[in-house]
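> Contents of coords-v5.txt (compact mmCIF, C-alpha atoms) are given next:
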```txt
# COMPACT_ATOMS: atom_id res chain seq x y z
CA MET A 1 36.97 35.30 11.07
CA LYS A 2 37.34 35.31 7.27
CA LYS A 3 34.62 36.61 5.01
CA SER A 4 33.43 34.18 2.38
CA TYR A 5 33.00 35.17 -1.25
CA PHE A 6 31.42 33.31 -4.12
CA ARG A 7 30.53 33.91 -7.74
CA ILE A 8 27.18 33.26 -9.35
CA ILE A 9 27.39 32.99 -13.13
CA ARG A 10 24.23 33.31 -15.20
CA LYS A 11 23.75 33.22 -18.95
CA VAL A 12 20.42 35.02 -18.83
CA ALA A 13 17.46 35.87 -16.63
CA CYS A 14 17.56 37.92 -13.46
CA PHE A 15 14.81 35.65 -12.08
CA GLY A 16 17.12 32.66 -12.12
CA LEU A 17 19.90 34.63 -10.45
CA VAL A 18 17.65 35.57 -7.56
CA ALA A 19 16.63 31.92 -7.17
CA VAL A 20 20.20 30.68 -6.89
CA MET A 21 21.24 33.52 -4.57
CA SER A 22 18.33 32.62 -2.33
CA ALA A 23 19.46 29.01 -2.20
CA SER A 24 23.11 29.84 -1.61
CA LEU A 25 22.85 32.82 0.72
CA MET A 26 19.77 31.97 2.76
CA GLY A 27 20.56 28.26 2.89
CA CYS A 28 16.90 27.32 3.22
CA VAL A 29 13.80 26.99 1.06
CA GLY A 30 10.29 25.94 1.85
CA ASN A 31 10.19 23.16 -0.72
CA SER A 32 13.23 21.54 -2.27
CA SER A 33 11.43 20.81 -5.54
CA SER A 34 10.68 24.50 -5.99
CA VAL A 35 14.38 25.23 -6.04
CA GLY A 36 14.83 22.83 -8.92
CA GLU A 37 11.96 24.45 -10.81
CA SER A 38 13.14 28.02 -10.35
CA ALA A 39 16.83 27.35 -10.74
CA VAL A 40 17.10 24.77 -13.48
CA SER A 41 13.81 24.04 -15.24
CA ASP A 42 14.19 26.91 -17.77
CA SER A 43 16.45 25.55 -20.51
CA SER A 44 17.71 29.07 -21.22
CA VAL A 45 19.22 29.35 -17.75
CA THR A 46 22.48 27.76 -16.66
CA ASP A 47 23.76 27.81 -13.06
CA GLU A 48 27.34 27.56 -11.91
CA THR A 49 28.02 28.38 -8.28
CA THR A 50 31.69 28.45 -7.30
CA ILE A 51 33.60 29.31 -4.17
CA GLY A 52 36.30 31.92 -4.43
CA ASN A 53 36.64 35.33 -6.06
CA GLU A 54 38.59 34.47 -9.20
CA THR A 55 37.44 35.93 -12.55
CA ASN A 56 37.54 34.73 -16.14
CA GLU A 57 37.63 37.49 -18.71
CA ASN A 58 36.80 35.04 -21.50
CA GLU A 59 33.37 34.24 -20.05
CA GLU A 60 30.48 35.77 -21.94
CA GLU A 61 28.04 35.26 -19.11
CA THR A 62 26.96 37.94 -16.69
CA THR A 63 28.94 37.57 -13.48
CA THR A 64 27.77 38.81 -10.11
CA GLU A 65 30.13 38.70 -7.13
CA ALA A 66 28.57 39.11 -3.72
CA GLU A 67 29.89 39.15 -0.20
CA SER A 68 28.32 36.37 1.80
CA GLU A 69 26.58 37.05 5.08
CA PHE A 70 28.49 34.08 6.50
CA THR A 71 32.03 33.74 7.81
CA ILE A 72 34.47 30.84 7.88
CA PRO A 73 35.93 30.62 11.40
CA GLU A 74 39.66 30.73 11.97
CA ILE A 75 40.60 27.57 13.88
CA SER A 76 44.01 26.50 15.10
CA ILE A 77 44.39 22.96 16.45
CA GLU A 78 47.79 21.45 17.07
CA ALA A 79 48.29 18.30 15.02
CA LYS A 80 48.90 15.15 17.00
CA ASP A 81 51.76 12.78 16.30
CA VAL A 82 50.38 10.27 13.80
CA PRO A 83 52.64 7.30 13.00
CA SER A 84 53.27 7.02 9.29
CA ASN A 85 52.41 3.67 7.71
CA GLU A 86 50.47 2.47 4.67
CA GLY A 87 47.16 2.69 6.49
CA THR A 88 47.49 6.09 8.15
CA ASP A 89 48.99 7.57 4.98
CA PHE A 90 46.09 6.11 2.99
CA VAL A 91 43.52 7.67 5.32
CA LYS A 92 45.30 11.02 5.03
CA ALA A 93 44.94 10.80 1.24
CA LEU A 94 41.17 10.36 1.55
CA LYS A 95 41.04 13.99 2.76
CA LEU A 96 37.36 15.01 2.63
CA GLY A 97 34.56 12.66 1.67
CA VAL A 98 30.82 12.50 1.15
CA SER A 99 28.36 9.66 1.74
CA LEU A 100 25.75 9.41 -1.02
CA GLY A 101 22.85 8.97 1.36
CA ASN A 102 19.26 7.84 0.79
CA THR A 103 20.16 6.56 -2.66
CA PHE A 104 21.45 3.02 -3.17
CA ASP A 105 20.88 2.36 0.53
CA ALA A 106 17.15 3.01 0.18
CA TYR A 107 14.77 0.08 0.60
CA SER A 108 11.10 -0.80 0.79
CA GLY A 109 10.06 -3.84 2.81
CA CYS A 110 12.06 -7.03 2.59
CA GLY A 111 11.15 -8.76 -0.69
CA TYR A 112 12.43 -8.67 -4.26
CA LYS A 113 10.24 -7.21 -7.00
CA GLU A 114 11.80 -7.15 -10.44
CA SER A 115 9.66 -4.19 -11.48
CA ALA A 116 11.00 -2.12 -8.57
CA ASP A 117 14.61 -3.29 -8.78
CA LEU A 118 16.26 -0.20 -10.24
CA SER A 119 13.63 2.30 -9.07
CA MET A 120 14.67 1.66 -5.45
CA GLU A 121 17.38 4.31 -5.99
CA THR A 122 14.72 7.05 -5.85
CA VAL A 123 12.43 5.69 -3.14
CA TRP A 124 13.85 8.04 -0.49
CA GLN A 125 14.95 10.94 -2.68
CA SER A 126 14.06 11.98 -6.21
CA ALA A 127 17.31 12.23 -8.17
CA VAL A 128 18.65 9.42 -10.33
CA THR A 129 22.42 9.43 -9.89
CA THR A 130 24.25 10.59 -13.01
CA ARG A 131 27.87 10.93 -14.04
CA GLU A 132 27.35 14.69 -13.77
CA ILE A 133 26.28 14.40 -10.12
CA ILE A 134 29.38 12.39 -9.28
CA ARG A 135 31.55 14.87 -11.17
CA SER A 136 29.89 17.75 -9.30
CA TYR A 137 30.88 16.20 -5.97
CA HIS A 138 34.46 15.87 -7.15
CA ASP A 139 34.56 19.36 -8.64
CA ALA A 140 33.24 20.74 -5.36
CA GLY A 141 36.31 19.36 -3.58
CA PHE A 142 35.42 15.89 -2.35
CA ASP A 143 38.24 13.38 -2.85
CA THR A 144 36.25 10.40 -1.53
CA ILE A 145 32.69 9.20 -2.01
CA ARG A 146 31.06 6.54 0.12
CA ILE A 147 28.25 4.77 -1.76
CA PRO A 148 26.13 2.90 0.80
CA VAL A 149 24.20 0.00 -0.74
CA SER A 150 21.35 -2.10 0.60
CA TRP A 151 21.07 -5.48 -1.09
CA HIS A 152 18.10 -7.27 0.49
CA ASN A 153 15.52 -5.84 -1.95
CA HIS A 154 17.62 -7.14 -4.83
CA LEU A 155 18.10 -10.83 -4.05
CA VAL A 156 16.59 -13.10 -6.70
CA ASP A 157 16.72 -16.37 -4.75
CA ASP A 158 17.02 -17.85 -1.25
CA ASP A 159 20.78 -18.16 -1.60
CA TYR A 160 21.24 -14.37 -1.61
CA THR A 161 22.06 -14.02 -5.31
CA ILE A 162 22.11 -10.33 -6.21
CA SER A 163 20.05 -9.09 -9.15
CA GLU A 164 22.33 -8.58 -12.13
CA LYS A 165 20.61 -5.29 -13.00
CA TRP A 166 21.15 -3.86 -9.51
CA LEU A 167 24.73 -5.05 -9.33
CA ASN A 168 25.48 -3.52 -12.73
CA ARG A 169 23.88 -0.24 -11.72
CA VAL A 170 26.06 0.04 -8.61
CA TYR A 171 29.07 -0.95 -10.71
CA GLU A 172 28.27 1.83 -13.17
CA VAL A 173 28.17 4.55 -10.51
CA VAL A 174 31.29 3.25 -8.78
CA GLY A 175 33.03 3.37 -12.14
CA TRP A 176 32.04 7.00 -12.69
CA ALA A 177 33.56 7.99 -9.36
CA LEU A 178 36.75 6.05 -10.02
CA ASP A 179 36.98 7.69 -13.45
CA GLU A 180 37.02 11.03 -11.60
CA GLY A 181 40.04 9.85 -9.63
CA MET A 182 38.04 9.64 -6.41
CA TYR A 183 38.36 7.07 -3.65
CA VAL A 184 35.15 5.04 -3.34
CA ILE A 185 33.67 3.04 -0.44
CA ILE A 186 30.93 0.44 -0.88
CA ASN A 187 29.31 -1.64 1.83
CA ILE A 188 26.38 -3.70 3.08
CA HIS A 189 24.00 -1.07 4.45
CA HIS A 190 20.35 -1.49 5.61
CA ASP A 191 20.24 -5.30 5.58
CA ASN A 192 20.51 -5.60 9.37
CA ASP A 193 16.99 -6.58 10.47
CA GLU A 194 15.53 -9.82 11.79
CA GLY A 195 12.61 -9.51 9.39
CA PHE A 196 14.82 -9.30 6.30
CA GLY A 197 16.34 -12.73 6.78
CA CYS A 198 19.82 -11.41 6.01
CA PHE A 199 22.08 -10.65 8.95
CA TYR A 200 21.42 -9.87 12.57
CA PRO A 201 24.29 -9.83 15.09
CA ASP A 202 23.22 -12.27 17.76
CA SER A 203 23.97 -15.92 18.39
CA GLU A 204 20.50 -17.04 17.32
CA HIS A 205 21.04 -15.64 13.81
CA LEU A 206 24.81 -16.05 13.58
CA GLU A 207 24.96 -18.89 11.06
CA GLN A 208 22.42 -17.20 8.80
CA SER A 209 24.33 -13.93 9.16
CA LYS A 210 27.62 -15.56 8.26
CA HIS A 211 26.10 -17.10 5.16
CA TYR A 212 24.72 -13.73 4.11
CA ILE A 213 27.98 -11.83 4.68
CA GLU A 214 29.99 -14.46 2.84
CA ARG A 215 27.58 -14.69 -0.12
CA ILE A 216 27.23 -10.94 -0.64
CA TRP A 217 30.94 -10.21 -0.34
CA THR A 218 31.90 -13.14 -2.56
CA GLN A 219 29.75 -11.63 -5.31
CA LEU A 220 31.06 -8.11 -4.71
CA CYS A 221 34.66 -9.30 -4.73
CA ASP A 222 34.07 -10.96 -8.08
CA LYS A 223 32.29 -7.93 -9.58
CA PHE A 224 34.60 -5.20 -8.31
CA GLY A 225 37.89 -7.06 -7.93
CA GLU A 226 39.41 -5.46 -11.03
CA PHE A 227 39.57 -2.04 -9.40
CA ASP A 228 42.70 -0.87 -7.61
CA GLU A 229 43.15 0.53 -4.11
CA HIS A 230 40.92 3.53 -4.84
CA LEU A 231 38.00 1.20 -4.09
CA ILE A 232 37.49 0.36 -0.41
CA PHE A 233 35.18 -2.30 1.01
CA GLU A 234 33.28 -1.70 4.28
CA SER A 235 31.93 -4.85 5.94
CA MET A 236 28.62 -3.59 7.36
CA ASN A 237 26.83 -0.38 8.19
CA GLU A 238 26.13 0.24 11.88
CA PRO A 239 25.68 -3.45 12.89
CA ARG A 240 23.38 -3.54 15.90
CA LEU A 241 20.39 -5.19 17.54
CA VAL A 242 17.69 -3.42 15.53
CA GLY A 243 14.52 -3.04 17.59
CA HIS A 244 16.28 -3.82 20.88
CA ASN A 245 16.27 -1.43 23.83
CA ASN A 246 20.02 -1.14 23.29
CA GLU A 247 19.88 -0.62 19.55
CA TRP A 248 21.79 2.66 19.72
CA TRP A 249 23.92 2.36 22.83
CA ILE A 250 25.93 -0.33 24.57
CA ALA A 251 24.96 -1.57 28.01
CA ALA A 252 26.64 -4.05 30.33
CA ASN A 253 24.19 -6.84 29.61
CA ASP A 254 24.37 -10.27 27.98
CA ASP A 255 22.60 -9.20 24.78
CA CYS A 256 25.10 -6.43 24.06
CA ARG A 257 28.08 -8.61 24.94
CA ASP A 258 26.76 -11.32 22.61
CA ALA A 259 26.20 -8.83 19.79
CA ILE A 260 29.74 -7.47 20.11
CA VAL A 261 31.19 -10.96 19.85
CA CYS A 262 29.03 -11.73 16.81
CA ILE A 263 30.06 -8.50 15.08
CA ASN A 264 33.70 -9.42 15.63
CA GLU A 265 33.07 -12.79 13.98
CA LEU A 266 31.25 -11.20 11.03
CA ASN A 267 34.05 -8.66 10.53
CA GLN A 268 36.61 -11.46 10.55
CA LEU A 269 34.59 -13.48 8.05
CA PHE A 270 34.37 -10.41 5.83
CA VAL A 271 38.15 -9.95 5.87
CA ASP A 272 38.77 -13.65 5.22
CA THR A 273 36.28 -13.70 2.33
CA VAL A 274 37.74 -10.65 0.63
CA ARG A 275 41.34 -11.81 1.01
CA ALA A 276 40.56 -15.31 -0.26
CA SER A 277 39.15 -13.87 -3.51
CA GLY A 278 42.67 -12.87 -4.50
CA GLY A 279 43.80 -10.31 -7.06
CA ASN A 280 43.50 -6.71 -5.94
CA ASN A 281 41.25 -7.84 -3.10
CA ALA A 282 44.17 -9.63 -1.46
CA SER A 283 45.57 -6.27 -0.34
CA ARG A 284 42.57 -3.94 -0.62
CA PHE A 285 41.94 -1.52 2.25
CA LEU A 286 38.95 -2.67 4.31
CA MET A 287 36.76 -0.91 6.87
CA CYS A 288 35.30 -2.65 9.93
CA PRO A 289 32.91 -1.02 12.44
CA GLY A 290 32.12 -1.95 16.01
CA TYR A 291 28.65 -2.07 17.53
CA ASP A 292 26.37 0.45 15.73
CA ALA A 293 29.56 2.00 14.24
CA SER A 294 29.60 4.47 17.10
CA PRO A 295 32.86 5.60 18.70
CA ASP A 296 31.87 3.57 21.78
CA GLY A 297 31.39 0.56 19.53
CA ALA A 298 35.08 0.70 18.64
CA LEU A 299 36.35 1.99 21.97
CA ASN A 300 34.72 -0.68 24.15
CA THR A 301 37.03 -3.48 25.30
CA GLY A 302 35.02 -6.11 23.42
CA TYR A 303 35.80 -4.71 19.96
CA VAL A 304 38.46 -6.76 18.18
CA LEU A 305 40.13 -5.61 14.99
CA PRO A 306 40.11 -8.55 12.55
CA THR A 307 43.29 -10.47 11.86
CA ASP A 308 44.59 -9.77 8.37
CA SER A 309 46.59 -11.96 5.99
CA ASP A 310 50.16 -12.80 6.91
CA GLY A 311 52.51 -9.99 6.00
CA LEU A 312 49.73 -7.44 5.45
CA GLU A 313 49.70 -4.67 8.03
CA ASN A 314 47.57 -1.57 8.57
CA HIS A 315 45.13 -2.38 5.77
CA ILE A 316 42.09 -2.65 8.05
CA LEU A 317 40.55 0.71 8.92
CA VAL A 318 38.34 1.24 11.96
CA SER A 319 34.98 2.55 10.72
CA VAL A 320 33.16 5.08 12.91
CA HIS A 321 30.05 7.24 12.54
CA ALA A 322 29.59 10.25 14.82
CA TYR A 323 26.88 12.89 14.59
CA THR A 324 28.41 14.72 17.52
CA PRO A 325 27.41 16.68 19.54
CA TYR A 326 24.15 14.81 19.21
CA ASN A 327 21.89 17.63 20.44
CA PHE A 328 23.20 19.88 17.66
CA ALA A 329 24.07 17.52 14.83
CA LEU A 330 21.17 15.05 14.83
CA GLU A 331 18.61 15.54 17.60
CA TYR A 332 15.43 17.45 16.80
CA PRO A 333 14.72 20.00 18.04
CA GLY A 334 17.84 19.79 20.22
CA THR A 335 19.90 22.94 19.91
CA THR A 336 20.54 25.09 16.85
CA HIS A 337 23.70 26.66 18.28
CA PHE A 338 27.34 25.72 17.75
CA ASP A 339 30.21 27.95 18.83
CA GLU A 340 33.62 26.65 17.83
CA THR A 341 35.24 28.74 20.58
CA SER A 342 33.09 27.29 23.38
CA ALA A 343 33.88 24.07 25.23
CA SER A 344 30.17 23.44 25.68
CA SER A 345 29.93 23.00 21.89
CA THR A 346 33.24 21.24 21.20
CA LYS A 347 33.89 18.99 24.22
CA ASP A 348 32.04 15.92 22.88
CA ILE A 349 33.92 16.13 19.59
CA ASN A 350 37.25 16.51 21.39
CA THR A 351 36.51 13.60 23.71
CA PHE A 352 35.59 10.92 21.19
CA MET A 353 38.30 11.93 18.72
CA ASN A 354 40.97 12.02 21.43
CA ASN A 355 39.88 8.58 22.62
CA LEU A 356 40.06 7.15 19.10
CA TYR A 357 43.49 8.70 18.69
CA VAL A 358 44.80 7.18 21.93
CA LYS A 359 43.42 3.67 21.35
CA PHE A 360 44.05 3.34 17.64
CA ILE A 361 45.77 6.10 15.69
CA SER A 362 48.66 6.67 18.10
CA LYS A 363 49.41 2.96 17.70
CA GLY A 364 49.32 3.13 13.91
CA VAL A 365 45.78 1.78 13.44
CA PRO A 366 43.92 3.96 10.89
CA VAL A 367 40.42 5.34 11.56
CA VAL A 368 37.83 6.74 9.13
CA ILE A 369 34.70 8.67 10.12
CA GLY A 370 32.38 7.33 7.43
CA GLU A 371 29.39 9.47 8.42
CA PHE A 372 29.07 12.85 10.08
CA GLY A 373 27.13 16.05 9.52
CA ALA A 374 24.74 18.53 11.09
CA ARG A 375 21.13 18.73 9.98
CA GLY A 376 19.69 22.10 9.04
CA LYS A 377 17.43 23.64 11.66
CA ILE A 378 15.58 26.90 12.20
CA LYS A 379 16.83 29.10 15.04
CA PRO A 380 14.47 30.75 17.55
CA THR A 381 14.91 33.94 15.52
CA ASP A 382 13.24 32.17 12.54
CA VAL A 383 16.40 32.01 10.45
CA PRO A 384 18.32 28.90 9.39
CA ASN A 385 21.26 27.90 11.58
CA THR A 386 23.61 27.94 8.59
CA GLN A 387 26.37 29.89 10.35
CA ASP A 388 26.33 27.41 13.23
CA ARG A 389 26.64 24.53 10.77
CA ILE A 390 29.58 26.29 9.12
CA ASN A 391 31.24 26.64 12.53
CA PHE A 392 30.58 22.98 13.25
CA ALA A 393 31.85 21.72 9.88
CA ALA A 394 35.06 23.73 10.18
CA TYR A 395 35.79 22.60 13.73
CA TYR A 396 34.86 18.94 13.21
CA VAL A 397 37.02 18.51 10.12
CA ALA A 398 39.91 20.48 11.61
CA TYR A 399 39.96 18.37 14.78
CA ALA A 400 39.59 15.10 12.89
CA ARG A 401 42.48 15.94 10.59
CA ALA A 402 44.62 16.98 13.56
CA CYS A 403 43.99 13.49 14.97
CA GLY A 404 44.83 11.77 11.66
CA MET A 405 41.28 10.94 10.52
CA SER A 406 39.27 11.69 7.38
CA CYS A 407 35.52 12.43 7.41
CA MET A 408 32.55 11.74 5.10
CA TRP A 409 29.62 14.19 5.22
CA TRP A 410 26.24 12.40 5.04
CA ASP A 411 24.43 14.00 2.08
CA ASN A 412 20.88 12.66 1.77
CA ASN A 413 19.69 15.28 -0.76
CA SER A 414 17.20 16.64 1.80
CA PHE A 415 16.89 20.40 2.31
CA SER A 416 13.45 21.37 3.62
CA GLY A 417 10.91 20.60 6.34
CA ASN A 418 11.72 19.24 9.81
CA GLY A 419 13.38 16.03 8.67
CA GLU A 420 17.05 15.10 8.67
CA ASN A 421 18.18 17.82 6.30
CA PHE A 422 21.80 16.93 5.60
CA GLY A 423 21.67 17.86 1.91
CA LEU A 424 24.76 19.61 0.58
CA LEU A 425 24.79 19.10 -3.21
CA TYR A 426 21.43 19.94 -4.78
CA ARG A 427 21.38 17.07 -7.23
CA VAL A 428 18.72 18.44 -9.59
CA GLY A 429 20.87 21.46 -10.45
CA ASN A 430 24.26 19.95 -9.58
CA TYR A 431 25.35 22.81 -7.34
CA ILE A 432 26.41 23.08 -3.73
CA PHE A 433 23.42 24.39 -1.82
CA TYR A 434 25.55 25.57 1.11
CA PRO A 435 28.84 26.75 -0.43
CA GLU A 436 30.16 28.12 2.86
CA ILE A 437 29.79 24.74 4.61
CA MET A 438 31.77 23.25 1.76
CA GLU A 439 34.36 26.01 1.95
CA ALA A 440 34.71 25.53 5.70
CA MET A 441 35.44 21.82 5.32
CA LEU A 442 37.87 22.38 2.46
CA LYS A 443 39.75 24.98 4.47
CA TYR A 444 40.63 22.43 7.16
CA CYS A 445 40.76 19.07 5.35
CA GLU A 446 44.38 19.28 4.23
```
What's the structure tokens form of this structure?


Amino acid sequence: MKKSYFRIIRKVACFGLVAVMSASLMGCVGNSSSVGESAVSDSSVTDETTIGNETNENEEETTTEAESEFTIPEISIEAKDVPSNEGTDFVKALKLGVSLGNTFDAYSGCGYKESADLSMETVWQSAVTTREIIRSYHDAGFDTIRIPVSWHNHLVDDDYTISEKWLNRVYEVVGWALDEGMYVIINIHHDNDEGFGCFYPDSEHLEQSKHYIERIWTQLCDKFGEFDEHLIFESMNEPRLVGHNNEWWIAANDDCRDAIVCINELNQLFVDTVRASGGNNASRFLMCPGYDASPDGALNTGYVLPTDSDGLENHILVSVHAYTPYNFALEYPGTTHFDETSASSTKDINTFMNNLYVKFISKGVPVVIGEFGARGKIKPTDVPNTQDRINFAAYYVAYARACGMSCMWWDNNSFSGNGENFGLLYRVGNYIFYPEIMEAMLKYCE
């Protein structure tokens, strides 16, 4: 086990130093807004939290170096044989990614209100995305950023025309990330609901769904087509029968079989629409999920990878989301414990990743884990389970990379209470709230 070190640089004020050390070392606060007030509201105080133990003699600030109470586990996993082709090499280059959660994917109801068009970005979290926030993600070590986008609150007519203001806002943020040299993923996110009148993967709604997918992606291809291969398109987020008994798992029934077939058709339409738009889109890397984007959604025999243009191979990536093991990563209360040396903690990760490797990666089909993470919880001893999350992050990324996959941590800017606290970058202060989780992932993402 390797001890973790980090520097905390302050211009002035011992009070501010204590605030940032509390956020970084303890990994938990009672109220996320109070961190912003104590750490960044005083204009005379500047925070810069960095991983490592390097020094800069030219800095005039007071520097305090502390030994963390946390450790980064030493993990050794034998790399599997991954065929080298354009797709698998591309996924390798993605390295470590983050999903900008609860931001452009946020929504309220199903209608369009011009007055609420741009404010939707802060409906589920409080920070307006800035160039500095994007740069902070990149500086922290993320090479890829997934920017989930919901469109149904931003359609100005019945023909699914996207609001120009909303489209330009997404374009702006995508541009910032590309300027940083990052890979960027955009998609159709929370538009999968019968009540929204957009898309729903069953035969009853198939024609409507096809029209929606084609209209949205035609507009996105036109708006973003100038960008090179650093921009990736993802057809849909977790397509599923929302509100159905089988919303989150596949059963051997007619409804699930029908949904799987419809999702295949929508994925194929997505690929055809993007390729037909020409230019850079004719060879852009695309991501296509199975039912609910779960591993089982891609592993079931009904999932069909779309057919790509003639002569274009390995440019469609299988898209998977896996908060695994569920009882630790997502379920509440579930368990707060993860031991990277114990099969009881790691077996579910090993199983789904091995299965994806056998079915896809070993045959040269690239796979991306577009969402993963472990929510913060409080252990029975009344302390945060930060060390367990560090263990999890290290093991998950290490095993994924050994199988030839890249991962995107779901960061929803949430840090307190009993909700889904997946926050990693504290966006108000632009610093990594859990530097050791970040360090653990960086250690094994190469």

> Of the candidates A:Asn281, A:Thr103, A:Asn253, A:Asn354, which one gets nearest to Thr122 of chain A if we count all atoms listed in the file?

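Nearest candidate to Thr122 of chain A out of A:Asn281, A:Thr103, A:Asn253, A:Asn354: A:Thr103.
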
> Could you tell me, as a list in words, which residues have any atom at most 7 Å from (33.7, -3.3, 2.1), counting all atoms listed in the file?

Ile185, Ile186, Asn187, Ile232, Phe233, Glu234, Ser235, Leu286 and Met287 of chain A

> Separation of atom CA of Glu74 of chain A and atom CA of Ile145 of chain A, in Å?

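About the pair atom CA of Glu74 of chain A and atom CA of Ile145 of chain A: they are 26.6 Å apart.
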
> For a quick check of understanding, using only C-alpha atoms, which of A:Gly109, A:Gly279, A:Gly181, A:Gly175 has the smallest distance to Thr144 of chain A?

A:Gly181

> Residues within 12 Å of Pro148 of chain A, please, as number ranges by chain. Count only C-alpha atoms; anything in the same chain fewer than 4 positions from it doesn't count.

A: 98-107, 121, 170, 173-174, 184-191, 232-238, 370-371, 408, 410-412

> Might you pull out every residue within 10 Å of Ser362 of chain A, with all atoms listed in the file counted and same-chain residues fewer than 5 positions away left off, and present them as a list in words?

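Returned residues: Lys80, Asp81, Val82, Pro83, Ser84, Asn354, Leu356, Tyr357, Cys403 and Gly404 of chain A.
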
> When you draw a straight line from atom CA of Glu331 of chain A to atom CA of Gly376 of chain A, how long is it in Å?

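Interatomic distance here is 10.8 Å.
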
> Have a look at A:Asp255, A:Glu313, A:Glu164, A:Asp202 and name the one nearest to Pro366 of chain A; count all atoms listed in the file.

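So, comparing all the options, the nearest one is A:Glu313.
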
> Kindly indicate which residue among A:Thr341, A:Glu436, A:Cys407, A:Asn430 lies nearest to Val128 of chain A, using only C-alpha atoms for the distances.

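Distance minimum relative to Val128 of chain A lands on A:Asn430.
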
> For Ala177 of chain A, which residue out of A:Met120, A:Ile133, A:Ala329, A:Leu94 is the nearest one, using all atoms listed in the file?

A:Ile133

> Pull out segment 435-446 of chain A, keep N, CA and C atoms, and write it as a short mmCIF file (atom, residue, chain, number, x, y, z; two decimals), in the first residue's frame.


```
data_model
loop_
_atom_site.label_atom_id
_atom_site.label_comp_id
_atom_site.auth_asym_id
_atom_site.auth_seq_id
_atom_site.Cartn_x
_atom_site.Cartn_y
_atom_site.Cartn_z
N PRO A 435 -8.97 13.99 -3.61
CA PRO A 435 -7.76 13.84 -4.43
C PRO A 435 -7.24 12.42 -4.48
N GLU A 436 -7.46 11.64 -3.42
CA GLU A 436 -6.93 10.27 -3.43
C GLU A 436 -7.73 9.36 -4.35
N ILE A 437 -9.03 9.60 -4.52
CA ILE A 437 -9.81 8.84 -5.51
C ILE A 437 -9.26 9.14 -6.90
N MET A 438 -9.00 10.42 -7.14
CA MET A 438 -8.43 10.81 -8.42
C MET A 438 -7.06 10.17 -8.63
N GLU A 439 -6.24 10.21 -7.62
CA GLU A 439 -4.90 9.63 -7.71
C GLU A 439 -4.96 8.13 -7.96
N ALA A 440 -5.91 7.46 -7.33
CA ALA A 440 -6.05 6.02 -7.51
C ALA A 440 -6.40 5.68 -8.96
N MET A 441 -7.31 6.45 -9.55
CA MET A 441 -7.69 6.19 -10.93
C MET A 441 -6.54 6.50 -11.89
N LEU A 442 -5.84 7.60 -11.63
CA LEU A 442 -4.72 7.96 -12.50
C LEU A 442 -3.60 6.93 -12.44
N LYS A 443 -3.43 6.35 -11.29
CA LYS A 443 -2.35 5.35 -11.12
C LYS A 443 -2.54 4.16 -12.04
N TYR A 444 -3.81 3.83 -12.34
CA TYR A 444 -4.07 2.58 -13.08
C TYR A 444 -4.72 2.79 -14.45
N CYS A 445 -4.82 4.05 -14.91
CA CYS A 445 -5.51 4.28 -16.17
C CYS A 445 -4.61 4.19 -17.40
N GLU A 446 -3.32 4.06 -17.20
CA GLU A 446 -2.41 4.00 -18.35
C GLU A 446 -2.51 2.65 -19.07
#
```
